[in-house]
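Source file structure-v1.cif; content: mmCIF, C-alpha atoms.
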data_run
#
loop_
_atom_site.label_atom_id
_atom_site.label_comp_id
_atom_site.auth_asym_id
_atom_site.auth_seq_id
_atom_site.Cartn_x
_atom_site.Cartn_y
_atom_site.Cartn_z
CA MET A 1 28.63 -24.22 -17.66
CA GLU A 2 29.82 -21.22 -15.70
CA HIS A 3 27.97 -18.00 -16.38
CA ASN A 4 29.67 -15.93 -19.08
CA LEU A 5 32.57 -18.38 -19.48
CA GLN A 6 34.76 -16.95 -22.23
CA PRO A 7 35.47 -19.45 -25.02
CA HIS A 8 39.21 -18.89 -25.45
CA ILE A 9 40.65 -17.57 -22.20
CA ARG A 10 38.25 -19.92 -20.31
CA ILE A 11 37.46 -17.49 -17.49
CA ALA A 12 34.01 -16.43 -16.34
CA ASN A 13 32.97 -13.22 -14.62
CA GLY A 14 32.76 -12.96 -10.85
CA HIS A 15 36.45 -12.48 -10.12
CA GLU A 16 36.08 -8.72 -9.56
CA VAL A 17 39.44 -7.95 -11.18
CA GLN A 18 39.79 -4.71 -13.12
CA TYR A 19 43.49 -4.91 -14.01
CA ALA A 20 45.41 -7.25 -16.31
CA LEU A 21 49.01 -7.58 -17.41
CA LEU A 22 49.35 -9.02 -20.91
CA PRO A 23 52.59 -10.84 -21.74
CA GLY A 24 52.75 -12.67 -25.04
CA ASP A 25 54.54 -15.80 -23.86
CA PRO A 26 52.63 -18.14 -21.50
CA GLY A 27 55.95 -18.84 -19.80
CA ARG A 28 56.22 -15.19 -18.80
CA VAL A 29 53.01 -15.52 -16.79
CA ASP A 30 54.95 -17.61 -14.29
CA GLU A 31 57.64 -14.92 -14.12
CA VAL A 32 55.03 -12.29 -13.25
CA ALA A 33 53.49 -14.60 -10.66
CA LYS A 34 56.75 -14.42 -8.67
CA PHE A 35 55.95 -10.76 -7.96
CA LEU A 36 52.39 -11.42 -6.79
CA GLU A 37 50.80 -12.24 -3.47
CA ASN A 38 48.75 -15.46 -3.45
CA PRO A 39 49.13 -16.28 -7.17
CA VAL A 40 46.76 -18.96 -8.45
CA GLU A 41 46.53 -20.32 -11.99
CA ILE A 42 42.87 -20.13 -12.98
CA ALA A 43 42.94 -21.06 -16.69
CA ASN A 44 45.25 -22.48 -19.35
CA ASN A 45 43.93 -22.98 -22.87
CA ARG A 46 45.85 -22.75 -26.14
CA GLU A 47 48.12 -19.68 -25.83
CA TYR A 48 45.99 -18.16 -23.06
CA LYS A 49 47.32 -18.84 -19.58
CA THR A 50 45.98 -16.79 -16.68
CA VAL A 51 47.16 -16.34 -13.11
CA LYS A 52 45.21 -14.32 -10.56
CA GLY A 53 46.93 -12.64 -7.62
CA GLN A 54 47.43 -9.38 -5.78
CA TYR A 55 50.15 -6.77 -5.89
CA LYS A 56 50.27 -4.48 -2.87
CA GLY A 57 46.68 -5.47 -2.24
CA VAL A 58 45.37 -4.74 -5.75
CA PRO A 59 43.83 -7.78 -7.53
CA VAL A 60 45.33 -8.47 -10.97
CA PHE A 61 45.14 -10.99 -13.77
CA VAL A 62 48.18 -11.98 -15.79
CA THR A 63 46.99 -13.36 -19.13
CA SER A 64 49.27 -14.45 -21.97
CA THR A 65 48.11 -13.42 -25.43
CA GLY A 66 50.27 -15.50 -27.76
CA ILE A 67 51.97 -14.06 -30.83
CA GLY A 68 50.39 -11.28 -32.87
CA GLY A 69 47.48 -8.90 -32.81
CA VAL A 70 44.84 -11.43 -33.80
CA SER A 71 45.57 -13.65 -30.80
CA ALA A 72 45.96 -10.64 -28.50
CA GLY A 73 42.69 -9.16 -29.70
CA ILE A 74 40.77 -12.25 -28.60
CA ALA A 75 42.23 -12.04 -25.09
CA ILE A 76 41.53 -8.30 -24.87
CA GLU A 77 37.89 -8.68 -25.90
CA GLU A 78 37.25 -11.60 -23.57
CA LEU A 79 38.93 -9.97 -20.60
CA LYS A 80 36.78 -6.91 -21.19
CA ASN A 81 33.72 -9.18 -21.20
CA ILE A 82 34.49 -10.30 -17.63
CA GLY A 83 35.07 -6.81 -16.25
CA VAL A 84 38.74 -5.98 -16.86
CA ASN A 85 39.03 -2.28 -17.71
CA VAL A 86 42.77 -1.60 -17.50
CA MET A 87 45.31 -3.61 -19.52
CA ILE A 88 49.08 -3.20 -19.79
CA ARG A 89 51.06 -5.15 -22.34
CA ILE A 90 54.46 -6.37 -21.12
CA GLY A 91 56.21 -7.67 -24.21
CA SER A 92 59.42 -7.77 -26.18
CA CYS A 93 60.54 -5.70 -29.15
CA GLY A 94 63.26 -5.23 -31.71
CA ALA A 95 65.03 -1.88 -31.60
CA LEU A 96 64.90 0.40 -34.64
CA GLN A 97 67.20 3.05 -33.15
CA PRO A 98 70.92 2.49 -32.50
CA ASN A 99 70.91 3.93 -28.98
CA LEU A 100 68.51 1.26 -27.65
CA ARG A 101 70.28 -1.57 -25.85
CA LEU A 102 69.24 -5.01 -24.63
CA GLY A 103 67.07 -4.66 -21.55
CA ASP A 104 66.05 -1.06 -22.19
CA LEU A 105 62.33 -0.41 -21.92
CA VAL A 106 60.26 1.18 -24.69
CA ILE A 107 57.05 2.77 -23.46
CA ALA A 108 54.73 3.18 -26.42
CA SER A 109 53.05 6.56 -26.88
CA GLY A 110 51.52 5.35 -30.14
CA ALA A 111 51.84 2.66 -32.79
CA VAL A 112 52.21 2.48 -36.56
CA ARG A 113 49.41 0.20 -37.68
CA ASN A 114 51.22 -2.14 -40.07
CA ASP A 115 49.22 -5.05 -38.66
CA GLY A 116 46.05 -6.66 -39.94
CA ALA A 117 44.25 -7.07 -36.62
CA SER A 118 43.73 -3.39 -35.86
CA TYR A 119 42.73 -2.70 -39.46
CA SER A 120 40.05 -5.38 -39.27
CA TYR A 121 38.36 -3.23 -36.61
CA ILE A 122 38.51 0.23 -38.18
CA ASN A 123 40.11 2.32 -40.92
CA LYS A 124 43.78 3.11 -40.35
CA ALA A 125 42.99 6.80 -39.94
CA TYR A 126 41.94 5.85 -36.40
CA PRO A 127 44.91 6.39 -34.06
CA ALA A 128 46.60 3.62 -32.07
CA ILE A 129 47.35 5.43 -28.81
CA PRO A 130 47.36 4.48 -25.11
CA ASP A 131 45.29 6.01 -22.36
CA THR A 132 46.98 9.29 -21.46
CA GLU A 133 46.62 9.01 -17.67
CA LEU A 134 47.79 5.40 -17.58
CA LEU A 135 50.74 6.29 -19.82
CA PHE A 136 51.72 8.99 -17.33
CA HIS A 137 51.73 6.48 -14.48
CA VAL A 138 53.83 4.00 -16.47
CA ILE A 139 56.43 6.64 -17.34
CA ASN A 140 56.55 7.96 -13.79
CA ASP A 141 56.88 4.53 -12.18
CA ALA A 142 59.57 3.42 -14.65
CA LYS A 143 61.59 6.43 -13.48
CA LYS A 144 60.90 5.67 -9.82
CA ILE A 145 62.31 2.16 -10.04
CA GLY A 146 65.31 3.30 -12.10
CA ALA A 147 64.46 1.49 -15.33
CA LYS A 148 66.25 2.88 -18.37
CA ASN A 149 63.40 3.72 -20.71
CA TYR A 150 62.41 5.57 -23.87
CA THR A 151 58.93 6.83 -24.72
CA GLY A 152 57.81 7.10 -28.33
CA ILE A 153 56.11 5.45 -31.28
CA VAL A 154 56.51 1.77 -32.13
CA ARG A 155 55.66 -0.12 -35.31
CA CYS A 156 53.39 -3.17 -35.26
CA HIS A 157 53.66 -5.90 -37.88
CA ASP A 158 52.47 -9.42 -38.62
CA SER A 159 55.59 -11.35 -39.69
CA PHE A 160 59.33 -11.62 -39.08
CA TYR A 161 60.03 -13.33 -42.37
CA THR A 162 58.85 -11.26 -45.34
CA ASP A 163 61.33 -10.69 -48.17
CA LYS A 164 61.67 -6.98 -47.39
CA GLU A 165 62.31 -6.87 -43.65
CA PRO A 166 65.64 -4.93 -43.84
CA GLU A 167 64.11 -2.24 -46.11
CA ILE A 168 61.00 -1.98 -43.94
CA ASP A 169 63.06 -1.57 -40.77
CA LYS A 170 65.29 1.03 -42.44
CA TYR A 171 62.27 3.02 -43.62
CA TRP A 172 60.70 3.28 -40.17
CA SER A 173 64.00 3.77 -38.38
CA GLU A 174 64.72 6.82 -40.53
CA ARG A 175 61.36 8.24 -39.49
CA GLY A 176 62.10 8.05 -35.79
CA ILE A 177 60.15 4.94 -34.84
CA LEU A 178 61.73 3.43 -31.74
CA ALA A 179 61.04 -0.30 -32.05
CA SER A 180 58.86 -3.03 -33.51
CA ASP A 181 56.43 -5.45 -31.91
CA MET A 182 53.32 -7.34 -33.00
CA GLU A 183 50.54 -6.59 -30.49
CA THR A 184 50.57 -2.97 -29.33
CA ALA A 185 48.49 -1.52 -32.18
CA ALA A 186 45.71 -4.05 -31.67
CA LEU A 187 45.70 -3.35 -27.93
CA PHE A 188 45.50 0.41 -28.40
CA VAL A 189 42.83 0.33 -31.12
CA ILE A 190 40.59 -2.20 -29.40
CA GLY A 191 41.10 -0.36 -26.14
CA GLY A 192 40.04 2.89 -27.71
CA LEU A 193 36.96 1.38 -29.28
CA ARG A 194 35.91 -0.59 -26.19
CA GLY A 195 36.67 1.97 -23.52
CA ILE A 196 39.62 0.05 -22.05
CA LYS A 197 42.50 1.94 -20.45
CA THR A 198 45.66 0.60 -22.12
CA ALA A 199 49.44 0.94 -22.06
CA SER A 200 52.34 -1.01 -23.56
CA ILE A 201 55.80 -1.57 -22.09
CA LEU A 202 58.32 -3.35 -24.32
CA ASN A 203 61.66 -4.89 -23.41
CA VAL A 204 64.39 -4.67 -26.06
CA VAL A 205 65.52 -8.21 -26.91
CA VAL A 206 67.11 -7.43 -30.31
CA GLU A 207 69.27 -4.39 -30.94
CA LYS A 208 69.09 -2.49 -34.23
CA GLU A 209 72.07 -4.28 -35.72
CA GLY A 210 71.37 -7.46 -33.79
CA ASP A 211 70.39 -10.89 -34.99
CA LEU A 212 66.70 -11.82 -34.60
CA GLU A 213 67.18 -15.52 -33.89
CA GLY A 214 70.22 -14.93 -31.70
CA GLY A 215 68.44 -12.27 -29.68
CA ILE A 216 65.40 -14.41 -29.07
CA ASN A 217 67.52 -17.42 -28.15
CA ASP A 218 69.47 -15.33 -25.62
CA TYR A 219 66.16 -14.08 -24.23
CA ILE A 220 64.91 -17.64 -23.72
CA ASP A 221 68.19 -18.57 -22.05
CA ALA A 222 67.69 -15.63 -19.67
CA LYS A 223 71.45 -14.98 -19.43
CA ASN A 224 71.71 -11.36 -20.56
CA ASN A 225 70.32 -7.90 -19.98
CA SER A 226 67.01 -8.78 -21.64
CA LYS A 227 66.14 -10.87 -18.59
CA ARG A 228 66.67 -7.87 -16.33
CA GLY A 229 64.57 -5.81 -18.74
CA GLU A 230 61.77 -8.35 -18.35
CA GLU A 231 61.87 -7.97 -14.58
CA LEU A 232 61.84 -4.17 -14.85
CA GLU A 233 58.88 -4.08 -17.23
CA ILE A 234 56.91 -6.37 -14.92
CA LEU A 235 57.70 -4.21 -11.91
CA THR A 236 56.94 -1.01 -13.83
CA ALA A 237 53.54 -2.32 -14.92
CA LEU A 238 52.61 -3.51 -11.43
CA GLU A 239 53.69 -0.26 -9.79
CA ALA A 240 51.73 1.69 -12.42
CA ILE A 241 48.60 -0.31 -11.62
CA VAL A 242 48.95 0.50 -7.92
CA SER A 243 49.58 4.19 -8.49
CA TYR A 244 46.75 4.40 -11.02
CA ASP A 245 44.38 2.57 -8.67
CA SER A 246 45.24 4.95 -5.84
CA THR A 247 43.78 7.87 -7.82
CA PHE A 248 40.28 6.49 -7.39
#
The structure given in the file should be rewritten as structure tokens.
Amino acid sequence: MEHNLQPHIRIANGHEVQYALLPGDPGRVDEVAKFLENPVEIANNREYKTVKGQYKGVPVFVTSTGIGGVSAGIAIEELKNIGVNVMIRIGSCGALQPNLRLGDLVIASGAVRNDGASYSYINKAYPAIPDTELLFHVINDAKKIGAKNYTGIVRCHDSFYTDKEPEIDKYWSERGILASDMETAALFVIGGLRGIKTASILNVVVEKEGDLEGGINDYIDAKNNSKRGEELEILTALEAIVSYDSTF
């Protein structure tokens, strides 16, 4: 057995990669690979698919995390175990504000911890926030590439199908929360506890008055602005890694 082979992502140490992009969908790993130099798939187990490559000379992993904070938390911990110290989520979200449109980017400056994964680590008084310096690079590089983006707080949850989803969304929308996803809070909390530099970039795939199933189906079909938003969040994350790396 390879030394330090991680049980779920199925990668061992020795790759000397410090940066990882974290999409949820394994299929999105292949989309990121199109932007990389010399992409090579190095592992594919359960929801965890990983490609290794370079972007402008900087080595990166792209590892899918599956759906939800529990699944994401496993990938985050195991990537940390093999030397990854900077992780940027590139995911999708549902808008909670009416001005957000399909394909807009939401850059999370913090997260409401309505998930179970982050709470399993530490009391909810602990903040779910990104690394400040990495957040700065993400915001700056989103502007440089011309991506329409909003920075603010998102809400993280564990289900799409509870009996009170409309009331829950209304409550948080009225309090200025930009959008909802399922993994950002776990990433930020685990990152804070483990000394990982983290950021989260989310692509709007459902507008505030949109239809969940319709939005996701359009996203899979890749025929609307959400597809362009996916490309912009990938490019933003990769450019942020390069600019962040150049500070060292």
- Around (41.5, 3.9, -26.2) in the file's own coordinates, what residues are found within 12 Å if you use all atoms listed in the file, given back as a ChimeraX atom specification? /A:85-87,109-110,126-135,184-199
- Message: Between CA of Asn225 (chain A) and CA of Thr63 (chain A), what distance in Å does the model show, to one decimal?
- Response: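 Separation of CA of Asn225 (chain A) and CA of Thr63 (chain A): 24.0 Å.
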- Task: Evaluate the PyMOL selection byres ((chain A and resi 81) around 9) here and jot the selected residues down as number ranges by chain.
- Result: A: 4, 6, 12-13, 76-80, 82-84
- Query: So which residues touch Gly94 (chain A) within 12 Å, counting all atoms listed in the file, skipping near sequence neighbours fewer than 3 positions away, as number ranges by chain?
  - Reply: A: 91, 97-98, 100-106, 154-157, 160, 169, 173, 177-182, 202-216, 219, 226
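Among the candidates A:Arg89, A:Lys56, A:Arg46, A:His137, the one nearest to Ser243 (chain A) when counting all atoms listed in the file is A:His137.
One distance worth recording is that between CA of Lys52 (chain A) and CA of Val70 (chain A), which is 23.4 Å.
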- Query: In Å, how far is it from CA of Val112 (chain A) to CA of Gly24 (chain A)?
  - Reply: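 We find that CA of Val112 (chain A) and CA of Gly24 (chain A) lie 19.0 Å from each other.
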On this structure, the PyMOL selection byres ((chain A and resi 23) around 12) would catch which residues? List them as a PDB file with C-alpha atoms, in the frame of the given file, sorted by chain and number.
ATOM      1  CA  ALA A  20      45.410  -7.250 -16.310  1.00  0.00           C
ATOM      2  CA  LEU A  21      49.010  -7.580 -17.410  1.00  0.00           C
ATOM      3  CA  LEU A  22      49.350  -9.020 -20.910  1.00  0.00           C
ATOM      4  CA  GLY A  24      52.750 -12.670 -25.040  1.00  0.00           C
ATOM      5  CA  ASP A  25      54.540 -15.800 -23.860  1.00  0.00           C
ATOM      6  CA  PRO A  26      52.630 -18.140 -21.500  1.00  0.00           C
ATOM      7  CA  GLY A  27      55.950 -18.840 -19.800  1.00  0.00           C
ATOM      8  CA  ARG A  28      56.220 -15.190 -18.800  1.00  0.00           C
ATOM      9  CA  VAL A  29      53.010 -15.520 -16.790  1.00  0.00           C
ATOM     10  CA  ASP A  30      54.950 -17.610 -14.290  1.00  0.00           C
ATOM     11  CA  GLU A  31      57.640 -14.920 -14.120  1.00  0.00           C
ATOM     12  CA  VAL A  32      55.030 -12.290 -13.250  1.00  0.00           C
ATOM     13  CA  ALA A  33      53.490 -14.600 -10.660  1.00  0.00           C
ATOM     14  CA  GLU A  47      48.120 -19.680 -25.830  1.00  0.00           C
ATOM     15  CA  TYR A  48      45.990 -18.160 -23.060  1.00  0.00           C
ATOM     16  CA  LYS A  49      47.320 -18.840 -19.580  1.00  0.00           C
ATOM     17  CA  THR A  50      45.980 -16.790 -16.680  1.00  0.00           C
ATOM     18  CA  VAL A  51      47.160 -16.340 -13.110  1.00  0.00           C
ATOM     19  CA  PHE A  61      45.140 -10.990 -13.770  1.00  0.00           C
ATOM     20  CA  VAL A  62      48.180 -11.980 -15.790  1.00  0.00           C
ATOM     21  CA  THR A  63      46.990 -13.360 -19.130  1.00  0.00           C
ATOM     22  CA  SER A  64      49.270 -14.450 -21.970  1.00  0.00           C
ATOM     23  CA  THR A  65      48.110 -13.420 -25.430  1.00  0.00           C
ATOM     24  CA  GLY A  66      50.270 -15.500 -27.760  1.00  0.00           C
ATOM     25  CA  ILE A  67      51.970 -14.060 -30.830  1.00  0.00           C
ATOM     26  CA  GLY A  68      50.390 -11.280 -32.870  1.00  0.00           C
ATOM     27  CA  SER A  71      45.570 -13.650 -30.800  1.00  0.00           C
ATOM     28  CA  ALA A  72      45.960 -10.640 -28.500  1.00  0.00           C
ATOM     29  CA  ALA A  75      42.230 -12.040 -25.090  1.00  0.00           C
ATOM     30  CA  ILE A  76      41.530  -8.300 -24.870  1.00  0.00           C
ATOM     31  CA  MET A  87      45.310  -3.610 -19.520  1.00  0.00           C
ATOM     32  CA  ILE A  88      49.080  -3.200 -19.790  1.00  0.00           C
ATOM     33  CA  ARG A  89      51.060  -5.150 -22.340  1.00  0.00           C
ATOM     34  CA  ILE A  90      54.460  -6.370 -21.120  1.00  0.00           C
ATOM     35  CA  GLY A  91      56.210  -7.670 -24.210  1.00  0.00           C
ATOM     36  CA  SER A  92      59.420  -7.770 -26.180  1.00  0.00           C
ATOM     37  CA  MET A 182      53.320  -7.340 -33.000  1.00  0.00           C
ATOM     38  CA  GLU A 183      50.540  -6.590 -30.490  1.00  0.00           C
ATOM     39  CA  THR A 184      50.570  -2.970 -29.330  1.00  0.00           C
ATOM     40  CA  LEU A 187      45.700  -3.350 -27.930  1.00  0.00           C
ATOM     41  CA  SER A 200      52.340  -1.010 -23.560  1.00  0.00           C
ATOM     42  CA  ILE A 201      55.800  -1.570 -22.090  1.00  0.00           C
ATOM     43  CA  LEU A 202      58.320  -3.350 -24.320  1.00  0.00           C
ATOM     44  CA  ASN A 203      61.660  -4.890 -23.410  1.00  0.00           C
ATOM     45  CA  GLU A 230      61.770  -8.350 -18.350  1.00  0.00           C
ATOM     46  CA  GLU A 233      58.880  -4.080 -17.230  1.00  0.00           C
ATOM     47  CA  ILE A 234      56.910  -6.370 -14.920  1.00  0.00           C
ATOM     48  CA  ALA A 237      53.540  -2.320 -14.920  1.00  0.00           C
TER      49      ALA A 237
END
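With all atoms listed in the file as the atoms that count, the residue of A:Phe136, A:Gly57, A:Glu167, A:Ile241 with the shortest distance to Tyr19 (chain A) is A:Ile241.
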- Give me the residues within 9 Å of Phe35 (chain A) as an NGL selection string, counting all atoms listed in the file and dropping any in the same chain fewer than 6 places off. :A and (54-55 or 234-235 or 238)
- Task: List the residues matched by the PyMOL selection byres ((chain A and resi 152) around 6) in the displayed structure as an NGL selection string, ordered by chain and then by residue number.
- Result: :A and (108-109 or 151 or 153)
- Item | Nearest to Lys124 (chain A) by atom-to-atom distance, counting all atoms listed in the file, from A:Trp172, A:Gly69, A:Ala43, A:Ala111 | A:Ala111
- Item | Of the listed residues A:Glu16, A:Val58, A:Ile11, A:Asn140, that which approaches Glu41 (chain A) most closely, counting all atoms listed in the file |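 Comparing A:Glu16, A:Val58, A:Ile11, A:Asn140 against Glu41 (chain A), the winner is A:Ile11.
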Given 3 Å on each side, where is the centre and what are the edge lengths in Å to one decimal of the axis-aligned box enclosing the listed atoms of region 188-191 of chain A, as JSON?
{"center_x": 43.0, "center_y": -0.9, "center_z": -28.6, "size_x": 10.9, "size_y": 8.6, "size_z": 11.0}
